[in-house]
file model14.cif (mmCIF, C-alpha atoms)
data_query
#
loop_
_atom_site.label_atom_id
_atom_site.label_comp_id
_atom_site.auth_asym_id
_atom_site.auth_seq_id
_atom_site.Cartn_x
_atom_site.Cartn_y
_atom_site.Cartn_z
CA MET N 1 -13.43 -19.60 -91.07
CA PRO N 2 -13.61 -22.38 -93.69
CA GLY N 3 -16.82 -22.61 -95.65
CA TYR N 4 -18.39 -22.43 -99.07
CA GLY N 5 -16.22 -25.34 -100.20
CA ARG N 6 -12.96 -23.53 -99.47
CA ALA N 7 -10.30 -24.37 -96.86
CA LYS N 8 -9.20 -21.98 -94.12
CA SER N 9 -5.84 -21.49 -95.83
CA GLU N 10 -7.65 -20.48 -99.02
CA TRP N 11 -9.83 -17.98 -97.17
CA ASP N 12 -6.77 -16.49 -95.49
CA LEU N 13 -5.08 -15.87 -98.84
CA LEU N 14 -8.30 -14.59 -100.43
CA VAL N 15 -8.82 -12.12 -97.59
CA GLY N 16 -5.27 -10.79 -97.92
CA ALA N 17 -5.44 -10.42 -101.69
CA GLY N 18 -9.02 -9.16 -101.46
CA ARG N 19 -7.94 -6.46 -99.03
CA ASP N 20 -4.96 -5.35 -101.11
CA PHE N 21 -6.80 -4.88 -104.40
CA PRO N 22 -9.43 -2.33 -103.25
CA ILE N 23 -6.69 -0.43 -101.41
CA GLU N 24 -4.77 -0.23 -104.70
CA ARG N 25 -7.92 1.11 -106.35
CA ALA N 26 -8.43 3.63 -103.52
CA LYS N 27 -4.90 4.95 -104.05
CA LEU N 28 -5.91 5.67 -107.64
CA GLY N 29 -9.21 7.26 -106.62
CA LYS N 30 -11.12 4.51 -108.39
CA VAL N 31 -13.66 1.78 -107.66
CA THR N 32 -13.70 -1.81 -108.84
CA SER N 33 -16.42 -4.30 -109.73
CA TYR N 34 -17.26 -7.68 -108.30
CA THR N 35 -16.21 -9.16 -111.64
CA GLU N 36 -12.83 -7.40 -111.66
CA LEU N 37 -12.27 -8.43 -108.03
CA LYS N 38 -13.05 -12.10 -108.69
CA VAL N 39 -10.72 -12.21 -111.71
CA THR N 40 -7.93 -10.44 -109.80
CA LEU N 41 -8.33 -12.80 -106.83
CA ALA N 42 -8.11 -15.87 -109.05
CA ARG N 43 -5.03 -14.50 -110.81
CA ARG N 44 -3.22 -13.42 -107.64
CA THR N 45 -4.05 -16.46 -105.50
CA GLY N 46 -4.27 -19.25 -108.06
CA TYR N 47 -7.57 -20.35 -106.53
CA ARG N 48 -10.71 -20.90 -108.56
CA ALA N 49 -12.73 -17.81 -109.38
CA PHE N 50 -16.09 -17.24 -107.75
CA ASP N 51 -18.93 -18.33 -110.04
CA PHE N 52 -21.55 -15.59 -109.89
CA GLU N 53 -24.04 -17.79 -111.74
CA ARG N 54 -24.43 -19.70 -108.46
CA ALA N 55 -26.18 -18.22 -105.41
CA ASP N 56 -23.78 -19.91 -102.98
CA GLU N 57 -20.79 -18.43 -104.80
CA ARG N 58 -22.34 -14.95 -104.70
CA ALA N 59 -22.90 -15.49 -100.97
CA ALA N 60 -19.28 -16.61 -100.63
CA MET N 61 -18.10 -13.35 -102.20
CA GLY N 62 -20.27 -11.44 -99.74
CA HIS N 63 -18.73 -13.48 -96.92
CA LEU N 64 -15.27 -12.66 -98.24
CA LEU N 65 -16.02 -8.93 -98.36
CA GLY N 66 -17.22 -9.08 -94.76
CA LEU N 67 -13.98 -10.78 -93.72
CA ILE N 68 -11.98 -8.15 -95.60
CA VAL N 69 -13.79 -5.36 -93.75
CA GLU N 70 -13.09 -7.09 -90.43
CA ARG N 71 -9.39 -7.44 -91.24
CA GLU N 72 -9.11 -3.86 -92.44
CA GLN N 73 -10.72 -2.59 -89.24
CA ALA N 74 -8.36 -4.76 -87.15
CA ASN N 75 -5.26 -3.64 -89.08
CA ALA N 76 -6.17 0.02 -89.56
CA PRO N 77 -8.97 0.95 -87.18
CA SER N 78 -10.96 4.10 -87.77
CA ASP N 79 -13.81 5.74 -85.94
CA PRO N 80 -16.31 5.57 -87.45
CA PRO N 81 -15.25 2.41 -89.25
CA LEU N 82 -14.40 2.48 -92.92
CA ILE N 83 -15.98 -0.20 -95.06
CA LEU N 84 -13.43 -1.10 -97.74
CA SER N 85 -16.08 -2.97 -99.73
CA ALA N 86 -17.61 0.45 -100.57
CA LEU N 87 -15.19 0.41 -103.50
CA VAL N 88 -16.65 -2.81 -104.96
CA ASN N 89 -19.61 -2.12 -107.25
CA TYR N 90 -21.76 -4.14 -109.55
CA LEU N 91 -20.43 -4.18 -113.11
CA ASP N 92 -21.87 -1.21 -115.04
CA ALA N 93 -23.48 0.17 -111.87
CA ASN N 94 -22.75 3.32 -109.93
CA ASP N 95 -23.40 1.98 -106.46
CA ALA N 96 -22.35 -0.55 -103.86
CA GLY N 97 -24.22 -3.81 -103.49
CA PRO N 98 -26.96 -4.46 -100.94
CA GLY N 99 -24.52 -6.38 -98.75
CA PHE N 100 -22.54 -3.16 -98.22
CA TYR N 101 -25.59 -1.39 -96.85
CA GLN N 102 -26.58 -4.37 -94.73
CA LEU N 103 -23.11 -4.48 -93.19
CA ALA N 104 -23.26 -0.73 -92.50
CA LYS N 105 -26.55 -1.28 -90.68
CA GLU N 106 -25.13 -4.22 -88.71
CA LEU N 107 -22.18 -2.02 -87.69
CA GLN N 108 -24.74 0.64 -86.69
CA LEU N 109 -23.28 3.12 -89.14
CA LEU N 110 -26.64 3.43 -90.88
CA PRO N 111 -30.08 3.19 -89.30
CA MET N 112 -32.02 0.04 -90.18
CA SER N 113 -34.69 2.30 -91.69
CA ALA N 114 -32.25 4.32 -93.82
CA SER N 115 -33.76 5.72 -96.98
CA ARG N 116 -32.20 5.15 -100.37
CA ASP N 117 -30.87 8.72 -100.31
CA GLU N 118 -29.30 8.16 -96.87
CA GLU N 119 -27.68 4.96 -98.10
CA PHE N 120 -26.30 6.64 -101.21
CA SER N 121 -24.96 9.59 -99.19
CA PHE N 122 -23.30 7.18 -96.74
CA TRP N 123 -21.68 5.27 -99.61
CA ILE N 124 -20.27 8.48 -101.14
CA LYS N 125 -18.84 9.55 -97.76
CA GLN N 126 -17.25 6.13 -97.29
CA MET N 127 -15.60 6.31 -100.71
CA LYS N 128 -14.27 9.82 -100.08
CA ARG N 129 -12.85 8.76 -96.71
CA LEU N 130 -11.25 5.66 -98.24
CA TYR N 131 -9.67 7.75 -101.00
CA ALA N 132 -8.38 10.26 -98.44
CA ARG N 133 -6.99 7.54 -96.19
CA HIS N 134 -5.12 5.82 -99.00
CA GLY N 135 -3.79 8.97 -100.67
CA ALA N 136 -5.89 9.16 -103.81
CA PRO N 137 -5.11 12.12 -106.03
CA PRO N 138 -7.60 14.98 -105.60
CA ALA N 139 -10.62 14.87 -107.91
CA VAL N 140 -10.53 17.21 -110.87
CA THR N 141 -13.36 19.71 -110.74
#

call {"tool": "encode", "arguments": {"input": "model14.cif", "output": "structure tokens"}}
result
Amino acid sequence: MPGYGRAKSEWDLLVGAGRDFPIERAKLGKVTSYTELKVTLARRTGYRAFDFERADERAAMGHLLGLIVEREQANAPSDPPLILSALVNYLDANDAGPGFYQLAKELQLLPMSASRDEEFSFWIKQMKRLYARHGAPPAVT
């Protein structure tokens, strides 16, 4: 599992911390951003923060999110699978990143030809299921 200039032991700790933080957000019925996640990971693990100015570091964050989804599915399987990274959005955006949708397609949860509306609807359903699983307070209507 080592790669992107990080040791296996570092990845192991990043995956654990990276799994815990979105679950904490889900319990609150909230999302997080890539920026908030990278800062939280650096603070909680003591490892260097991902540098989003660099393409390889952005790819490394995507790799990390994939590993987190794998661990979450292994630890708390669901059918259909829940994609914990649904709760990680771009800063000042109201949507998941393209890697989320690509992973959903690779897991055959979304068709490869999914429209933008289908993707958005899938993302919303994933968030609602994650909130329900982790005991988020009901939304105020």

call {"tool": "atom_distance", "arguments": {"input": "model14.cif", "atom1": "CA of Leu64 (chain N)", "atom2": "CA of Arg25 (chain N)"}}
result
17.6 Å

call {"tool": "atom_distance", "arguments": {"input": "model14.cif", "atom1": "CA of Asp20 (chain N)", "atom2": "CA of Leu107 (chain N)"}}
result
22.1 Å

call {"tool": "residues_around", "arguments": {"input": "model14.cif", "residues": "Leu37 (chain N)", "least_positions_apart": "3", "cutoff": "8 Å", "atoms": "all atoms listed in the file", "output": "PyMOL selection string"}}
result
chain N and resi 18+21+32-34+40-41+88

call {"tool": "closest_residue", "arguments": {"input": "model14.cif", "among": "N:Ala55, N:Leu67, N:Met127, N:Ala74", "to": "Leu13 (chain N)", "atoms": "only C-alpha atoms"}}
result
N:Leu67

call {"tool": "resolve_selection", "arguments": {"input": "model14.cif", "expression": "the PyMOL selection byres ((chain N and resi 27) around 12)", "output": "mmCIF file with C-alpha atoms, keeping the file's coordinate frame"}}
result
data_model
loop_
_atom_site.group_PDB
_atom_site.id
_atom_site.type_symbol
_atom_site.label_atom_id
_atom_site.label_comp_id
_atom_site.auth_asym_id
_atom_site.auth_seq_id
_atom_site.Cartn_x
_atom_site.Cartn_y
_atom_site.Cartn_z
ATOM 1 C CA ASP N 20 -4.960 -5.350 -101.110
ATOM 2 C CA PHE N 21 -6.800 -4.880 -104.400
ATOM 3 C CA PRO N 22 -9.430 -2.330 -103.250
ATOM 4 C CA ILE N 23 -6.690 -0.430 -101.410
ATOM 5 C CA GLU N 24 -4.770 -0.230 -104.700
ATOM 6 C CA ARG N 25 -7.920 1.110 -106.350
ATOM 7 C CA ALA N 26 -8.430 3.630 -103.520
ATOM 8 C CA LEU N 28 -5.910 5.670 -107.640
ATOM 9 C CA GLY N 29 -9.210 7.260 -106.620
ATOM 10 C CA LYS N 30 -11.120 4.510 -108.390
ATOM 11 C CA VAL N 31 -13.660 1.780 -107.660
ATOM 12 C CA LEU N 87 -15.190 0.410 -103.500
ATOM 13 C CA MET N 127 -15.600 6.310 -100.710
ATOM 14 C CA LYS N 128 -14.270 9.820 -100.080
ATOM 15 C CA ARG N 129 -12.850 8.760 -96.710
ATOM 16 C CA LEU N 130 -11.250 5.660 -98.240
ATOM 17 C CA TYR N 131 -9.670 7.750 -101.000
ATOM 18 C CA ALA N 132 -8.380 10.260 -98.440
ATOM 19 C CA ARG N 133 -6.990 7.540 -96.190
ATOM 20 C CA HIS N 134 -5.120 5.820 -99.000
ATOM 21 C CA GLY N 135 -3.790 8.970 -100.670
ATOM 22 C CA ALA N 136 -5.890 9.160 -103.810
ATOM 23 C CA PRO N 137 -5.110 12.120 -106.030
ATOM 24 C CA PRO N 138 -7.600 14.980 -105.600
#

call {"tool": "atom_distance", "arguments": {"input": "model14.cif", "atom1": "CA of Tyr4 (chain N)", "atom2": "CA of Ala60 (chain N)"}}
result
6.1 Å

call {"tool": "resolve_selection", "arguments": {"input": "model14.cif", "expression": "the PyMOL selection byres ((chain N and resi 70) around 12)", "output": "ChimeraX atom specification"}}
result
/N:15-16,18-19,63-69,71-78,81-85,103,107

call {"tool": "resolve_selection", "arguments": {"input": "model14.cif", "expression": "the PyMOL selection byres ((chain N and resi 48) around 12)", "output": "MDAnalysis selection string"}}
result
chainID N and resid 5:6 10:11 14 38:47 49:51 57

call {"tool": "closest_residue", "arguments": {"input": "model14.cif", "among": "N:Pro80, N:Asp92, N:Glu36, N:Gly3", "to": "Phe122 (chain N)", "atoms": "only C-alpha atoms"}}
result
N:Pro80

call {"tool": "axis_aligned_box", "arguments": {"input": "model14.cif", "around": "region 118-136 of chain N", "padding_each_side": "4 Å", "output": "AutoDock Vina command-line options"}}
result
--center_x -16.5 --center_y 7.6 --center_z -100.0 --size_x 33.5 --size_y 13.3 --size_z 15.6

call {"tool": "decode", "arguments": {"input": "model14.cif", "residues": "region 20-31 of chain N", "atoms": "N, CA and C atoms", "output": "mmCIF file, in the first residue's frame"}}
result
data_model
loop_
_atom_site.group_PDB
_atom_site.id
_atom_site.type_symbol
_atom_site.label_atom_id
_atom_site.label_comp_id
_atom_site.auth_asym_id
_atom_site.auth_seq_id
_atom_site.Cartn_x
_atom_site.Cartn_y
_atom_site.Cartn_z
ATOM 1 N N ASP N 20 -12.338 7.998 10.374
ATOM 2 C CA ASP N 20 -13.013 8.510 11.567
ATOM 3 C C ASP N 20 -13.638 9.882 11.346
ATOM 4 N N PHE N 21 -12.915 10.775 10.668
ATOM 5 C CA PHE N 21 -13.391 12.149 10.557
ATOM 6 C C PHE N 21 -14.713 12.262 9.782
ATOM 7 N N PRO N 22 -14.853 11.655 8.603
ATOM 8 C CA PRO N 22 -16.164 11.759 7.931
ATOM 9 C C PRO N 22 -17.293 11.103 8.734
ATOM 10 N N ILE N 23 -16.980 10.049 9.483
ATOM 11 C CA ILE N 23 -18.010 9.433 10.326
ATOM 12 C C ILE N 23 -18.461 10.423 11.400
ATOM 13 N N GLU N 24 -17.516 11.158 11.972
ATOM 14 C CA GLU N 24 -17.873 12.202 12.945
ATOM 15 C C GLU N 24 -18.788 13.239 12.304
ATOM 16 N N ARG N 25 -18.473 13.610 11.074
ATOM 17 C CA ARG N 25 -19.298 14.596 10.363
ATOM 18 C C ARG N 25 -20.687 14.020 10.080
ATOM 19 N N ALA N 26 -20.743 12.730 9.700
ATOM 20 C CA ALA N 26 -22.024 12.085 9.418
ATOM 21 C C ALA N 26 -22.911 12.083 10.655
ATOM 22 N N LYS N 27 -22.315 11.851 11.821
ATOM 23 C CA LYS N 27 -23.087 11.853 13.068
ATOM 24 C C LYS N 27 -23.724 13.212 13.329
ATOM 25 N N LEU N 28 -23.102 14.254 12.799
ATOM 26 C CA LEU N 28 -23.629 15.607 12.952
ATOM 27 C C LEU N 28 -24.565 16.002 11.808
ATOM 28 N N GLY N 29 -24.673 15.122 10.797
ATOM 29 C CA GLY N 29 -25.487 15.447 9.634
ATOM 30 C C GLY N 29 -24.831 16.489 8.759
ATOM 31 N N LYS N 30 -23.508 16.466 8.708
ATOM 32 C CA LYS N 30 -22.752 17.475 7.963
ATOM 33 C C LYS N 30 -21.800 16.815 6.969
ATOM 34 N N VAL N 31 -21.287 17.631 6.049
ATOM 35 C CA VAL N 31 -20.244 17.217 5.126
ATOM 36 C C VAL N 31 -18.938 17.879 5.552
#
